[in-house]
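Trainee: Here it is, the structure, as structure tokens.
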Amino acid sequence: MTSEASTIRLIGLAIIQSTVSLLIEGIIWGIYLVLFVAAIVIQWRRGFRTVGSKAMLAVTLYLFTTSTALLALNATWCFIKIKYNMINNLEMDWDDRRRASNLVLAPLGIPMEALFLFNMLIGDMAVVFRAKILWGTGWKVVIVPLVFLVAAFAFSITSVTCLSLSTFTNLSSIAEGSFVCERAEPITWALSLLTNFISTLLVAYRAWAVRKTIVEARGPTRHRSGVERILLLIVESGFIYFLFLLTQLALFWDAEVESAASWAFAVLAPFGDQISGIYSTALIVLVVLQRTLGLGETAQTSPVILGGEKKDKTLTQMEFGGGDSASSRSTFDV
């Protein structure tokens, strides 16, 4: 195969992979749009009386806006590849067209990288906050994921700063330069992964503790209360989200466009752009659906001890707390 034919083939493969990524992300975004509308309606009906409800609305709006911006940037990326390689610069040879296309594409890398990382971190904040609310004992219980979250934020700033100073010779989201610059994005991703994993484990332990308390209060039963089902839903969705984050390891493979790894990137990368927003938004919808499906059950009242205080509560509505102070107790709110 001649050098020109090889270049044409590489350009064609790159355009096909960008188009596949865009189509996948468009489908995911369409699902996200439905969930977003449902979540906004749910939150609007609940009202915004508490700081937590207002913060959750802000997070929901922010994540959807930035995820939409990422879709728009990816569409622009695909359009520029087609335009500058196949329509413009016809007087140039194929190698020059490819270089000209890369020069136009390169500046888009900075906002795309920034939106991807900060989307991921805002989603992490929601996960940590949810774990803290479920424990209701202050911030000490989530100190480890908080430390990881702060460190991830610092490395994300480093990654974006280094990328803005790069020469963009390889169109990679991995910044060029120093040892820290080249590893800032992978470290941010790894810290985010740890933040989510530990926060989900905290929720899982809390769910187990609630289950144990209920069993002690009313005896062994296969029937799960509404609170138990909601906690189990949060745990399961948290681990699914963790697995989706794990797939983003494909972002850091140094692969040629003809390789299977490059195709894996094309398929998996769109999930990374949208999954942080989808997780937080879908959880709001799923919890409300769970509550709605459980409305037909008979509420059982038993003395329940949570946080050291004996309460007569229906087992489908509980408060989580770590002491007798009213300020230390939190009603369950996703």
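Residue names in the structure tokens use chain letters A, B, ... in the order shown, residue numbers from 1 in each chain, and ligand numbers from 1 in the order shown.
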Hey, what's within 10 Å of range 25-28 of chain A if we count only C-alpha atoms and toss same-chain stuff fewer than 6 positions away? As JSON, numbers by chain, please?

Mentor: {"A": [19, 67, 68, 70, 71, 72, 74, 75, 267, 268, 269, 270, 271, 272, 273, 274, 275, 278]}

Trainee: Got time to write the residues from that selection, C-alpha atoms, as a JSON list (two decimals), in the first residue's frame?

Mentor:
[["chain", "number", "residue", "atom", "x", "y", "z"],
["A", 19, "THR", "CA", -19.12, 9.09, 13.62],
["A", 67, "SER", "CA", -23.24, 16.87, 29.09],
["A", 68, "THR", "CA", -25.15, 18.57, 26.28],
["A", 70, "LEU", "CA", -19.92, 17.78, 25.42],
["A", 71, "LEU", "CA", -22.24, 16.25, 22.83],
["A", 72, "ALA", "CA", -22.15, 19.50, 20.84],
["A", 74, "ASN", "CA", -18.07, 16.00, 19.86],
["A", 75, "ALA", "CA", -20.42, 16.73, 16.96],
["A", 267, "VAL", "CA", -17.43, 2.83, 21.69],
["A", 268, "LEU", "CA", -16.69, 3.46, 25.39],
["A", 269, "ALA", "CA", -15.71, 7.14, 25.42],
["A", 270, "PRO", "CA", -19.29, 8.41, 24.77],
["A", 271, "PHE", "CA", -20.44, 6.73, 27.98],
["A", 272, "GLY", "CA", -17.83, 8.70, 29.93],
["A", 273, "ASP", "CA", -19.20, 12.01, 28.65],
["A", 274, "GLN", "CA", -22.76, 11.29, 29.76],
["A", 275, "ILE", "CA", -22.66, 8.73, 32.58],
["A", 278, "ILE", "CA", -27.19, 10.07, 33.94]]

Trainee: Determine, counting only C-alpha atoms, which protein, DNA and RNA residues have an atom within 10 Å of an atom of Ile187 in chain A; residues of the same chain fewer than 2 positions away are not included. Present the result as a list in words.

Mentor: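 Residues meeting the cut-off are Ala151, Ala152, Phe155, Ser156, Ser159, Val180, Glu182, Arg183, Ala184, Glu185, Trp189, Ala190, Leu191, Ser192 and Leu193 of chain A.
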
Trainee: Export, as an mmCIF file, in the first residue's frame, the selected residues with all heavy atoms.

Mentor:
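Writing done, so here's again-v8.cif:
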data_model
loop_
_atom_site.group_PDB
_atom_site.id
_atom_site.type_symbol
_atom_site.label_atom_id
_atom_site.label_comp_id
_atom_site.auth_asym_id
_atom_site.auth_seq_id
_atom_site.Cartn_x
_atom_site.Cartn_y
_atom_site.Cartn_z
ATOM 1 N N ALA A 151 -8.277 15.773 46.211
ATOM 2 C CA ALA A 151 -7.074 15.453 45.443
ATOM 3 C C ALA A 151 -7.398 15.333 43.954
ATOM 4 O O ALA A 151 -6.637 15.799 43.089
ATOM 5 C CB ALA A 151 -6.456 14.153 45.952
ATOM 6 N N ALA A 152 -8.540 14.715 43.632
ATOM 7 C CA ALA A 152 -8.955 14.582 42.234
ATOM 8 C C ALA A 152 -9.183 15.949 41.605
ATOM 9 O O ALA A 152 -8.813 16.188 40.443
ATOM 10 C CB ALA A 152 -10.224 13.742 42.138
ATOM 11 N N PHE A 155 -5.785 17.501 40.800
ATOM 12 C CA PHE A 155 -5.160 16.900 39.616
ATOM 13 C C PHE A 155 -5.928 17.253 38.336
ATOM 14 O O PHE A 155 -5.327 17.326 37.256
ATOM 15 C CB PHE A 155 -5.053 15.384 39.776
ATOM 16 C CG PHE A 155 -3.841 14.944 40.543
ATOM 17 C CD1 PHE A 155 -3.950 14.518 41.858
ATOM 18 C CD2 PHE A 155 -2.582 14.967 39.956
ATOM 19 C CE1 PHE A 155 -2.829 14.120 42.570
ATOM 20 C CE2 PHE A 155 -1.456 14.567 40.652
ATOM 21 C CZ PHE A 155 -1.574 14.147 41.972
ATOM 22 N N SER A 156 -7.246 17.464 38.448
ATOM 23 C CA SER A 156 -8.006 17.864 37.259
ATOM 24 C C SER A 156 -7.604 19.260 36.807
ATOM 25 O O SER A 156 -7.485 19.517 35.594
ATOM 26 C CB SER A 156 -9.512 17.812 37.548
ATOM 27 O OG SER A 156 -9.899 18.806 38.466
ATOM 28 N N SER A 159 -4.345 18.842 35.087
ATOM 29 C CA SER A 159 -4.504 18.247 33.763
ATOM 30 C C SER A 159 -4.932 19.284 32.738
ATOM 31 O O SER A 159 -4.361 19.369 31.640
ATOM 32 C CB SER A 159 -5.530 17.107 33.820
ATOM 33 O OG SER A 159 -5.752 16.567 32.539
ATOM 34 N N VAL A 180 4.229 14.847 36.016
ATOM 35 C CA VAL A 180 2.923 15.101 36.622
ATOM 36 C C VAL A 180 1.883 15.401 35.549
ATOM 37 O O VAL A 180 0.748 14.889 35.586
ATOM 38 C CB VAL A 180 3.000 16.259 37.635
ATOM 39 C CG1 VAL A 180 1.611 16.622 38.153
ATOM 40 C CG2 VAL A 180 3.918 15.895 38.789
ATOM 41 N N GLU A 182 1.737 14.443 32.426
ATOM 42 C CA GLU A 182 1.386 13.269 31.640
ATOM 43 C C GLU A 182 0.495 12.299 32.405
ATOM 44 O O GLU A 182 -0.194 11.468 31.795
ATOM 45 C CB GLU A 182 2.655 12.546 31.189
ATOM 46 C CG GLU A 182 3.464 13.335 30.147
ATOM 47 C CD GLU A 182 4.740 12.616 29.752
ATOM 48 O OE1 GLU A 182 5.056 11.579 30.391
ATOM 49 O OE2 GLU A 182 5.423 13.089 28.826
ATOM 50 N N ARG A 183 0.489 12.392 33.721
ATOM 51 C CA ARG A 183 -0.273 11.446 34.535
ATOM 52 C C ARG A 183 -1.433 12.091 35.292
ATOM 53 O O ARG A 183 -2.151 11.405 36.034
ATOM 54 C CB ARG A 183 0.669 10.752 35.527
ATOM 55 C CG ARG A 183 1.620 9.786 34.834
ATOM 56 C CD ARG A 183 2.847 9.489 35.660
ATOM 57 N NE ARG A 183 3.721 8.543 34.952
ATOM 58 C CZ ARG A 183 4.550 8.886 33.978
ATOM 59 N NH1 ARG A 183 4.626 10.168 33.598
ATOM 60 N NH2 ARG A 183 5.307 7.981 33.372
ATOM 61 N N ALA A 184 -1.650 13.391 35.094
ATOM 62 C CA ALA A 184 -2.679 14.093 35.856
ATOM 63 C C ALA A 184 -4.084 13.566 35.560
ATOM 64 O O ALA A 184 -4.886 13.346 36.481
ATOM 65 C CB ALA A 184 -2.611 15.596 35.567
ATOM 66 N N GLU A 185 -4.407 13.344 34.279
ATOM 67 C CA GLU A 185 -5.749 12.858 33.948
ATOM 68 C C GLU A 185 -5.974 11.426 34.456
ATOM 69 O O GLU A 185 -7.020 11.158 35.083
ATOM 70 C CB GLU A 185 -6.007 12.933 32.448
ATOM 71 C CG GLU A 185 -7.453 12.562 32.108
ATOM 72 C CD GLU A 185 -7.704 12.479 30.616
ATOM 73 O OE1 GLU A 185 -6.736 12.294 29.857
ATOM 74 O OE2 GLU A 185 -8.875 12.579 30.216
ATOM 75 N N TRP A 189 -8.878 10.321 37.243
ATOM 76 C CA TRP A 189 -9.847 9.241 37.024
ATOM 77 C C TRP A 189 -9.754 8.193 38.130
ATOM 78 O O TRP A 189 -10.785 7.734 38.647
ATOM 79 C CB TRP A 189 -9.581 8.601 35.657
ATOM 80 C CG TRP A 189 -10.294 7.314 35.435
ATOM 81 C CD1 TRP A 189 -11.599 7.148 35.059
ATOM 82 C CD2 TRP A 189 -9.749 5.990 35.595
ATOM 83 N NE1 TRP A 189 -11.902 5.798 34.961
ATOM 84 C CE2 TRP A 189 -10.781 5.070 35.288
ATOM 85 C CE3 TRP A 189 -8.495 5.502 35.943
ATOM 86 C CZ2 TRP A 189 -10.584 3.692 35.335
ATOM 87 C CZ3 TRP A 189 -8.312 4.129 35.992
ATOM 88 C CH2 TRP A 189 -9.349 3.249 35.691
ATOM 89 N N ALA A 190 -8.528 7.799 38.509
ATOM 90 C CA ALA A 190 -8.345 6.782 39.543
ATOM 91 C C ALA A 190 -8.885 7.264 40.891
ATOM 92 O O ALA A 190 -9.537 6.495 41.625
ATOM 93 C CB ALA A 190 -6.865 6.422 39.664
ATOM 94 N N LEU A 191 -8.650 8.524 41.224
ATOM 95 C CA LEU A 191 -9.157 9.081 42.477
ATOM 96 C C LEU A 191 -10.677 9.156 42.471
ATOM 97 O O LEU A 191 -11.331 8.912 43.495
ATOM 98 C CB LEU A 191 -8.556 10.470 42.715
ATOM 99 C CG LEU A 191 -7.061 10.497 43.066
ATOM 100 C CD1 LEU A 191 -6.522 11.922 43.022
ATOM 101 C CD2 LEU A 191 -6.825 9.888 44.449
ATOM 102 N N SER A 192 -11.242 9.495 41.322
ATOM 103 C CA SER A 192 -12.703 9.515 41.193
ATOM 104 C C SER A 192 -13.269 8.114 41.397
ATOM 105 O O SER A 192 -14.299 7.925 42.062
ATOM 106 C CB SER A 192 -13.096 10.053 39.814
ATOM 107 O OG SER A 192 -14.486 9.934 39.604
ATOM 108 N N LEU A 193 -12.600 7.128 40.822
ATOM 109 C CA LEU A 193 -13.022 5.737 40.964
ATOM 110 C C LEU A 193 -13.026 5.324 42.437
ATOM 111 O O LEU A 193 -13.987 4.707 42.929
ATOM 112 C CB LEU A 193 -12.074 4.845 40.166
ATOM 113 C CG LEU A 193 -12.573 3.472 39.721
ATOM 114 C CD1 LEU A 193 -13.713 3.607 38.721
ATOM 115 C CD2 LEU A 193 -11.430 2.680 39.096
#

Trainee: Would you mind telling me which residue in A:Ile110, A:Tyr62, A:Ala250, A:Gly47 lies nearest to Cys162 in chain A when using only C-alpha atoms?

Mentor: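 With only C-alpha atoms as the atom set, the closest residue is A:Ile110.
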
Trainee: Measuring between only C-alpha atoms, which one of A:Ser280, A:Gln17, A:Ser199, A:Asn102 shows the shortest distance to Phe36 in chain A?

Mentor: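 Of all the options, A:Ser280 lies closest to Phe36 in chain A.
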
Trainee: Please return as a list of chain:residue names: the residues of range 67-108 of chain A that backbone DSSP assigns to alpha helix (DSSP H).

Mentor: A:Ser67, A:Thr68, A:Ala69, A:Leu70, A:Leu71, A:Ala72, A:Leu73, A:Asn74, A:Ala75, A:Thr76, A:Trp77, A:Cys78, A:Phe79, A:Ile80, A:Lys81, A:Ile82, A:Trp94, A:Asp95, A:Asp96, A:Arg97, A:Arg98, A:Arg99, A:Ala100, A:Ser101, A:Asn102, A:Leu103, A:Val104, A:Leu105

Trainee: Rank A:Ala131, A:Ile143, A:Leu117, A:Leu63 by their smallest atom-to-atom distance to Leu201 in chain A, using only C-alpha atoms, and report the top residue only.

Mentor: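 Once distances to Leu201 in chain A are computed over only C-alpha atoms, the minimum belongs to A:Ala131.
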
Trainee: Between CA of Ile24 in chain A and CA of Leu73 in chain A, what is the distance in Å, rounded to a tenth?

Mentor: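 A separation of 14.4 Å between them.
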
Trainee: In terms of the shortest atom-to-atom distance over only C-alpha atoms, which of A:Ile42, A:Val257, A:Val142, A:Val210 is closest to Leu286 in chain A?

Mentor: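 Closest to Leu286 in chain A of all the choices is A:Ile42.
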
Trainee: For each of A:Val141, A:Leu245, A:Leu231, A:Ala207, take the minimum atom-to-atom distance to Leu121 in chain A, counting only C-alpha atoms, then give the residue where this is smallest.

Mentor: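 Looking only at the distances to Leu121 in chain A, the closest residue turns out to be A:Leu245.
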
Trainee: Neighbours of Asn88 in chain A within 12 Å (only C-alpha atoms; same-chain residues fewer than 6 positions away dropped), as a PyMOL selection string?

Mentor: chain A and resi 79-82+94+96-98+100-101

Trainee: What does the distance between CA of Phe244 in chain A and CA of Val203 in chain A come to in Å, to one decimal place?

Mentor: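 CA of Val203 in chain A lies 18.5 Å from CA of Phe244 in chain A.
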
Trainee: Please provide the set of residues having any atom within 10 Å of Ile234 in chain A, restricted to only C-alpha atoms, with same-chain residues fewer than 4 positions apart removed, written as a list in words.

Mentor: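 Surrounding residues, per the criterion: Val127, Arg130, Ala131, Thr200, Val203, Ala204, Ala207, Glu228, Arg229, Ile230, Gly238, Phe239, Ile240, Leu283, Ile284, Leu286, Val287 and Val334 of chain A.
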
Trainee: Point out the residue among A:Ser164, A:Thr137, A:Thr76, A:Thr195 with the least atom-to-atom distance to Leu22 in chain A, counting only C-alpha atoms.

Mentor: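 The answer is A:Thr76, which sits nearest to Leu22 in chain A.
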
Trainee: So that I can see what lies close to Leu115 in chain A, please list as a list in words the residues with an atom at most 7 Å from it, counting only C-alpha atoms and leaving out residues fewer than 4 positions away in the same chain.

Mentor: Thr66, Leu70, Pro111 and Asn119 of chain A
